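Pasting entry.pdb here (PDB, C-alpha atoms):
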```pdb
ATOM      1  CA  MET A 119     -69.223   5.050  67.177
ATOM      2  CA  SER A 120     -66.997   2.021  67.831
ATOM      3  CA  ASP A 121     -65.260   1.719  71.199
ATOM      4  CA  LYS A 122     -62.579  -0.478  69.682
ATOM      5  CA  LYS A 123     -59.103   0.791  70.468
ATOM      6  CA  SER A 124     -56.969   2.013  67.604
ATOM      7  CA  LEU A 125     -53.605   0.422  66.928
ATOM      8  CA  LYS A 126     -51.950   3.668  68.034
ATOM      9  CA  GLN A 127     -53.820   3.510  71.355
ATOM     10  CA  ARG A 128     -52.814  -0.101  71.868
ATOM     11  CA  ILE A 129     -49.171   0.807  71.219
ATOM     12  CA  HIS A 130     -49.338   3.649  73.735
ATOM     13  CA  GLU A 131     -50.765   1.245  76.300
ATOM     14  CA  GLY A 132     -47.781  -1.071  75.832
ATOM     15  CA  GLU A 133     -49.390  -3.934  73.928
ATOM     16  CA  GLY A 134     -47.136  -6.156  71.857
ATOM     17  CA  ILE A 135     -47.480  -5.549  68.117
ATOM     18  CA  LYS A 136     -47.005  -8.246  65.479
ATOM     19  CA  ILE A 137     -45.507  -7.095  62.181
ATOM     20  CA  ALA A 138     -45.308  -9.273  59.073
ATOM     21  CA  ASN A 139     -42.870  -8.572  56.240
ATOM     22  CA  ALA A 140     -43.652  -8.647  52.531
ATOM     23  CA  PRO A 141     -42.218  -7.370  49.229
ATOM     24  CA  THR A 142     -44.022  -4.428  47.652
ATOM     25  CA  ASP A 143     -44.612  -6.443  44.473
ATOM     26  CA  ALA A 144     -46.391  -9.274  46.321
ATOM     27  CA  THR A 145     -49.523 -10.589  44.645
ATOM     28  CA  ARG A 146     -52.781 -10.722  46.572
ATOM     29  CA  SER A 147     -52.488 -14.491  47.030
ATOM     30  CA  GLN A 148     -48.901 -14.131  48.272
ATOM     31  CA  LEU A 149     -49.930 -11.449  50.756
ATOM     32  CA  GLU A 150     -52.911 -13.500  51.919
ATOM     33  CA  ASP A 151     -50.565 -16.440  52.501
ATOM     34  CA  ILE A 152     -48.155 -14.278  54.545
ATOM     35  CA  LEU A 153     -50.956 -12.797  56.643
ATOM     36  CA  SER A 154     -52.551 -16.194  57.255
ATOM     37  CA  GLN A 155     -49.532 -17.328  59.275
ATOM     38  CA  ASP A 156     -50.457 -15.273  62.352
ATOM     39  CA  SER A 157     -52.691 -12.463  63.602
ATOM     40  CA  TYR A 158     -50.674  -9.476  62.369
ATOM     41  CA  ASP A 159     -51.245  -5.834  63.268
ATOM     42  CA  LEU A 160     -49.100  -4.381  60.466
ATOM     43  CA  VAL A 161     -47.400  -5.594  57.329
ATOM     44  CA  GLY A 162     -44.001  -4.034  56.738
ATOM     45  CA  VAL A 163     -42.402  -3.184  53.415
ATOM     46  CA  ASP A 164     -38.884  -1.891  53.020
ATOM     47  CA  ALA A 165     -37.251   0.727  50.810
ATOM     48  CA  GLN A 166     -33.993   1.011  52.760
ATOM     49  CA  HIS A 167     -32.522  -2.264  51.521
ATOM     50  CA  SER A 168     -34.993  -3.269  48.804
ATOM     51  CA  ALA A 169     -36.088  -1.993  45.427
ATOM     52  CA  TYR A 170     -39.547  -0.480  45.247
ATOM     53  CA  SER A 171     -41.630   1.785  43.053
ATOM     54  CA  GLU A 172     -44.230   4.298  44.191
ATOM     55  CA  LYS A 173     -46.857   2.648  41.973
ATOM     56  CA  ASP A 174     -46.157  -0.712  43.606
ATOM     57  CA  LEU A 175     -46.411   0.886  47.042
ATOM     58  CA  VAL A 176     -49.801   2.448  46.240
ATOM     59  CA  ALA A 177     -51.113  -0.891  44.962
ATOM     60  CA  PHE A 178     -49.680  -2.815  47.908
ATOM     61  CA  CYS A 179     -51.125  -0.449  50.527
ATOM     62  CA  ALA A 180     -54.560  -0.556  48.899
ATOM     63  CA  MET A 181     -54.450  -4.358  48.781
ATOM     64  CA  ALA A 182     -53.329  -4.613  52.415
ATOM     65  CA  GLU A 183     -56.033  -2.177  53.509
ATOM     66  CA  GLU A 184     -58.634  -4.337  51.743
ATOM     67  CA  LEU A 185     -57.292  -7.265  53.780
ATOM     68  CA  ARG A 186     -57.669  -5.121  56.924
ATOM     69  CA  VAL A 187     -53.966  -4.972  57.754
ATOM     70  CA  PRO A 188     -52.307  -1.531  57.545
ATOM     71  CA  THR A 189     -48.920  -1.064  55.886
ATOM     72  CA  GLN A 190     -45.734  -0.009  57.641
ATOM     73  CA  PHE A 191     -43.121   1.513  55.317
ATOM     74  CA  ARG A 192     -39.419   1.887  56.122
ATOM     75  CA  ILE A 193     -38.098   4.854  54.174
ATOM     76  CA  LYS A 194     -34.922   4.659  52.139
ATOM     77  CA  HIS A 195     -32.683   6.896  54.256
ATOM     78  CA  THR A 196     -32.811   8.955  57.445
ATOM     79  CA  ARG A 197     -32.331  12.151  55.446
ATOM     80  CA  HIS A 198     -35.493  11.370  53.474
ATOM     81  CA  ALA A 199     -37.578  12.264  56.533
ATOM     82  CA  TYR A 200     -38.695  15.437  54.760
ATOM     83  CA  LEU A 201     -40.476  13.195  52.218
ATOM     84  CA  ILE A 202     -42.572  11.362  54.809
ATOM     85  CA  GLY A 203     -45.741  13.270  53.896
ATOM     86  CA  ASN A 204     -45.321  12.205  50.280
ATOM     87  CA  TYR A 205     -44.801   8.570  51.286
ATOM     88  CA  LEU A 206     -47.934   8.702  53.446
ATOM     89  CA  ASP A 207     -49.972  10.020  50.531
ATOM     90  CA  LEU A 208     -49.221   6.663  48.855
ATOM     91  CA  GLY A 209     -51.041   4.643  51.525
ATOM     92  CA  PRO A 210     -48.992   3.538  54.580
ATOM     93  CA  LEU A 211     -50.389   3.953  58.081
ATOM     94  CA  SER A 212     -46.970   3.634  59.689
ATOM     95  CA  ILE A 213     -43.529   4.986  58.823
ATOM     96  CA  VAL A 214     -40.156   3.708  60.043
ATOM     97  CA  VAL A 215     -37.244   6.149  59.931
ATOM     98  CA  PRO A 216     -33.974   4.160  59.959
ATOM     99  CA  GLN A 217     -30.657   4.973  61.660
ATOM    100  CA  VAL A 218     -31.994   7.862  63.737
ATOM    101  CA  GLU A 219     -29.451   9.604  65.975
ATOM    102  CA  ASP A 220     -30.226  13.324  65.802
ATOM    103  CA  GLU A 221     -33.037  15.184  67.597
ATOM    104  CA  SER A 222     -33.363  17.599  64.684
ATOM    105  CA  MET A 223     -34.100  14.650  62.386
ATOM    106  CA  VAL A 224     -36.860  13.524  64.748
ATOM    107  CA  ASP A 225     -38.336  17.025  64.650
ATOM    108  CA  GLU A 226     -38.277  16.930  60.855
ATOM    109  CA  ALA A 227     -39.970  13.531  60.798
ATOM    110  CA  ILE A 228     -42.714  14.695  63.180
ATOM    111  CA  ASP A 229     -43.333  17.840  61.114
ATOM    112  CA  ALA A 230     -43.645  15.805  57.915
ATOM    113  CA  PHE A 231     -45.751  13.047  59.481
ATOM    114  CA  TYR A 232     -48.518  15.027  61.197
ATOM    115  CA  TYR A 233     -50.999  17.559  59.884
ATOM    116  CA  PRO A 234     -51.348  20.951  61.594
ATOM    117  CA  PRO A 235     -51.545  21.906  64.376
ATOM    118  CA  ILE A 236     -49.132  19.109  65.397
ATOM    119  CA  GLY A 237     -46.966  19.076  62.278
ATOM    120  CA  LYS A 238     -46.660  20.618  58.838
ATOM    121  CA  ARG A 239     -47.747  17.821  56.508
ATOM    122  CA  SER A 240     -49.164  19.112  53.239
ATOM    123  CA  TRP A 241     -52.725  18.186  52.260
ATOM    124  CA  GLY A 242     -53.388  15.886  49.312
ATOM    125  CA  PRO A 243     -53.666  12.196  50.376
ATOM    126  CA  LYS A 244     -55.515  10.811  47.346
ATOM    127  CA  ALA A 245     -54.331   7.275  48.183
ATOM    128  CA  GLY A 246     -53.774   7.897  51.917
ATOM    129  CA  HIS A 247     -54.712   5.189  54.380
ATOM    130  CA  GLY A 248     -58.317   5.663  55.515
ATOM    131  CA  ILE A 249     -59.043   8.577  53.172
ATOM    132  CA  THR A 250     -61.973   6.899  51.386
ATOM    133  CA  ALA A 251     -63.991   6.942  54.618
ATOM    134  CA  ARG A 252     -63.094  10.547  55.468
ATOM    135  CA  GLY A 253     -63.283  12.974  52.574
ATOM    136  CA  ASP A 254     -63.348  16.171  54.628
ATOM    137  CA  ARG A 255     -59.893  17.746  55.062
ATOM    138  CA  LEU A 256     -60.232  18.605  58.750
ATOM    139  CA  GLU A 257     -61.946  15.325  59.593
ATOM    140  CA  TYR A 258     -59.194  13.286  57.945
ATOM    141  CA  ALA A 259     -56.389  15.405  59.402
ATOM    142  CA  GLU A 260     -57.731  14.909  62.918
ATOM    143  CA  TRP A 261     -58.233  11.195  62.315
ATOM    144  CA  TRP A 262     -54.710  10.859  60.941
ATOM    145  CA  ASN A 263     -53.106  12.708  63.835
ATOM    146  CA  ASN A 264     -54.875  10.287  66.212
ATOM    147  CA  ASN A 265     -54.110   7.113  64.241
ATOM    148  CA  GLY A 266     -50.905   7.399  62.193
ATOM    149  CA  ILE A 267     -47.926   5.524  63.677
ATOM    150  CA  LEU A 268     -44.423   7.001  63.605
ATOM    151  CA  CYS A 269     -41.512   4.689  64.394
ATOM    152  CA  LEU A 270     -37.803   5.347  64.836
ATOM    153  CA  GLN A 271     -35.158   2.691  64.291
ATOM    154  CA  LEU A 272     -32.207   2.774  66.693
ATOM    155  CA  GLU A 273     -29.040   1.318  65.218
ATOM    156  CA  SER A 274     -26.112   2.822  67.133
ATOM    157  CA  ILE A 275     -24.808   3.183  70.685
ATOM    158  CA  ASN A 276     -25.375   6.933  70.397
ATOM    159  CA  ALA A 277     -29.044   6.416  69.526
ATOM    160  CA  VAL A 278     -29.504   3.922  72.353
ATOM    161  CA  THR A 279     -27.871   6.248  74.875
ATOM    162  CA  ASN A 280     -30.036   9.181  73.795
ATOM    163  CA  ALA A 281     -33.279   7.279  73.211
ATOM    164  CA  LYS A 282     -35.127   9.335  75.827
ATOM    165  CA  LYS A 283     -34.334  12.545  73.932
ATOM    166  CA  LEU A 284     -35.259  11.008  70.574
ATOM    167  CA  ALA A 285     -38.612   9.648  71.798
ATOM    168  CA  LYS A 286     -40.397  12.975  71.527
ATOM    169  CA  SER A 287     -44.116  13.604  71.599
ATOM    170  CA  GLY A 288     -45.407  12.284  68.275
ATOM    171  CA  VAL A 289     -43.126   9.234  68.222
ATOM    172  CA  ASP A 290     -45.094   6.041  68.849
ATOM    173  CA  MET A 291     -42.627   3.183  68.692
ATOM    174  CA  LEU A 292     -38.899   2.453  68.817
ATOM    175  CA  LEU A 293     -37.454  -0.411  66.781
ATOM    176  CA  PHE A 294     -33.929  -1.789  66.525
ATOM    177  CA  GLY A 295     -31.584  -2.561  63.663
ATOM    178  CA  PRO A 296     -29.575  -5.328  65.373
ATOM    179  CA  ASN A 297     -27.024  -5.850  62.610
ATOM    180  CA  ASP A 298     -25.971  -2.205  62.337
ATOM    181  CA  LEU A 299     -26.095  -1.905  66.122
ATOM    182  CA  GLN A 300     -23.763  -4.897  66.339
ATOM    183  CA  PHE A 301     -21.316  -3.131  63.989
ATOM    184  CA  ASP A 302     -21.264  -0.197  66.406
ATOM    185  CA  LEU A 303     -20.755  -2.427  69.441
ATOM    186  CA  GLU A 304     -17.826  -4.114  67.714
ATOM    187  CA  MET A 305     -16.207  -0.718  67.161
ATOM    188  CA  TYR A 306     -16.337   0.061  70.900
ATOM    189  CA  PRO A 307     -15.366  -3.180  72.668
ATOM    190  CA  ASP A 308     -14.833  -1.399  76.013
ATOM    191  CA  HIS A 309     -18.285   0.181  76.080
ATOM    192  CA  PRO A 310     -20.523  -0.857  79.020
ATOM    193  CA  PHE A 311     -23.070  -2.168  76.516
ATOM    194  CA  LYS A 312     -21.720  -5.518  75.334
ATOM    195  CA  THR A 313     -24.668  -6.948  73.440
ATOM    196  CA  VAL A 314     -27.697  -5.866  71.458
ATOM    197  CA  ASP A 315     -29.831  -7.125  74.334
ATOM    198  CA  ASP A 316     -27.966  -4.776  76.715
ATOM    199  CA  CYS A 317     -28.953  -1.918  74.408
ATOM    200  CA  ILE A 318     -32.571  -3.008  74.187
ATOM    201  CA  GLN A 319     -32.918  -3.314  77.951
ATOM    202  CA  HIS A 320     -31.380   0.147  78.414
ATOM    203  CA  VAL A 321     -33.950   1.651  76.050
ATOM    204  CA  VAL A 322     -36.801  -0.243  77.708
ATOM    205  CA  ARG A 323     -35.776   1.288  81.042
ATOM    206  CA  GLN A 324     -35.615   4.767  79.483
ATOM    207  CA  MET A 325     -39.138   4.390  78.094
ATOM    208  CA  THR A 326     -40.677   3.417  81.439
ATOM    209  CA  ASP A 327     -43.674   5.634  82.204
ATOM    210  CA  THR A 328     -43.802   7.008  78.643
ATOM    211  CA  HIS A 329     -46.305   6.333  75.847
ATOM    212  CA  VAL A 330     -43.551   5.072  73.526
ATOM    213  CA  LYS A 331     -43.538   1.349  72.823
ATOM    214  CA  VAL A 332     -40.242  -0.514  72.474
ATOM    215  CA  ASN A 333     -40.924  -3.254  69.941
ATOM    216  CA  VAL A 334     -38.461  -6.160  70.105
TER
END
```
Take the structure in the file and give it back as structure tokens.
Amino acid sequence: MSDKKSLKQRIHEGEGIKIANAPTDATRSQLEDILSQDSYDLVGVDAQHSAYSEKDLVAFCAMAEELRVPTQFRIKHTRHAYLIGNYLDLGPLSIVVPQVEDESMVDEAIDAFYYPPIGKRSWGPKAGHGITARGDRLEYAEWWNNNGILCLQLESINAVTNAKKLAKSGVDMLLFGPNDLQFDLEMYPDHPFKTVDDCIQHVVRQMTDTHVKVNV
């Protein structure tokens, strides 16, 4: 058995994570070119602000896995958290839920992301990341629960203020949407937080002594 740390373990230990970005319809040569620019831990694809198809996502995730870089997928809308299990069946290792503000939405994301006994994800990952090496249901479910990476994107003053409550057990990493966060800051010019960096530093302080990584 390999003693090499998983990406999830490295995140929990506070290591910096490098994430590339690519379109879901990238060719293999295009993806190889993107990944050759640095030593990336994940390659991110986006459904929130970009067009995508499920077939393209399956093909992209398989191609990225062959190149030994897992896929991170930002879902289309916060309220699509209930579909996370379906998205994961298409091949991502990591999910980003955008514009999170509500604890109940985090609970829904955790339930959909993890298999029992942690969550309520339904079984059937025919194209799931790592499934080809683990055909047994219980073996894969345990592996997934110890390796899948769930990320929340904070994009409002409310989310920043309540980051400690949102970063529940099962959440691995917090990201920021600086443009939408800037919109919110502009709406409240008298708020103590004046800049996006003020917000980031506040969240970093809240996550001290937790397993949740703040990726900036």
CA of Glu219 in chain A to CA of Leu299 in chain A, straight-line distance in Å: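 Interatomic distance here is 12.0 Å.
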Long-range neighbours of Met325 in chain A as a ChimeraX atom specification, 12 Å cut-off, only C-alpha atoms, 2 positions minimum in chain: /A:130,132,278-286,289-292,318-323,327-333
Range 242-247 of chain A surroundings by all atoms listed in the file, 9 Å radius, close-in-sequence under 3 positions cut, as a ChimeraX atom specification: /A:176,179-180,183,188-189,203-204,206-211,250,255,262,266
Residue members of the PyMOL selection byres ((chain A and resi 230-232) around 6) in the file shown, as a list in words: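 Selected by the PyMOL selection byres ((chain A and resi 230-232) around 6) here: Tyr200, Ile202, Gly203, Ala227, Ile228, Asp229, Tyr233, Ile236, Gly237, Lys238, Arg239 and Asn263 of chain A.
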For those residues, write C-alpha atoms to a file as a tab-separated table (two decimals), in the coordinates of the input.
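Writing done, so here's result-v7.tsv:
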```tsv
chain	number	residue	atom	x	y	z
A	200	TYR	CA	-38.70	15.44	54.76
A	202	ILE	CA	-42.57	11.36	54.81
A	203	GLY	CA	-45.74	13.27	53.90
A	227	ALA	CA	-39.97	13.53	60.80
A	228	ILE	CA	-42.71	14.70	63.18
A	229	ASP	CA	-43.33	17.84	61.11
A	233	TYR	CA	-51.00	17.56	59.88
A	236	ILE	CA	-49.13	19.11	65.40
A	237	GLY	CA	-46.97	19.08	62.28
A	238	LYS	CA	-46.66	20.62	58.84
A	239	ARG	CA	-47.75	17.82	56.51
A	263	ASN	CA	-53.11	12.71	63.84
```
Straight-line distance linking CA of Asn276 in chain A with CA of Glu226 in chain A, stated in Å to one decimal: 18.9 Å
Atomic separation - CA of Gly288 in chain A relative to CA of Leu268 in chain A, Å: 7.1 Å
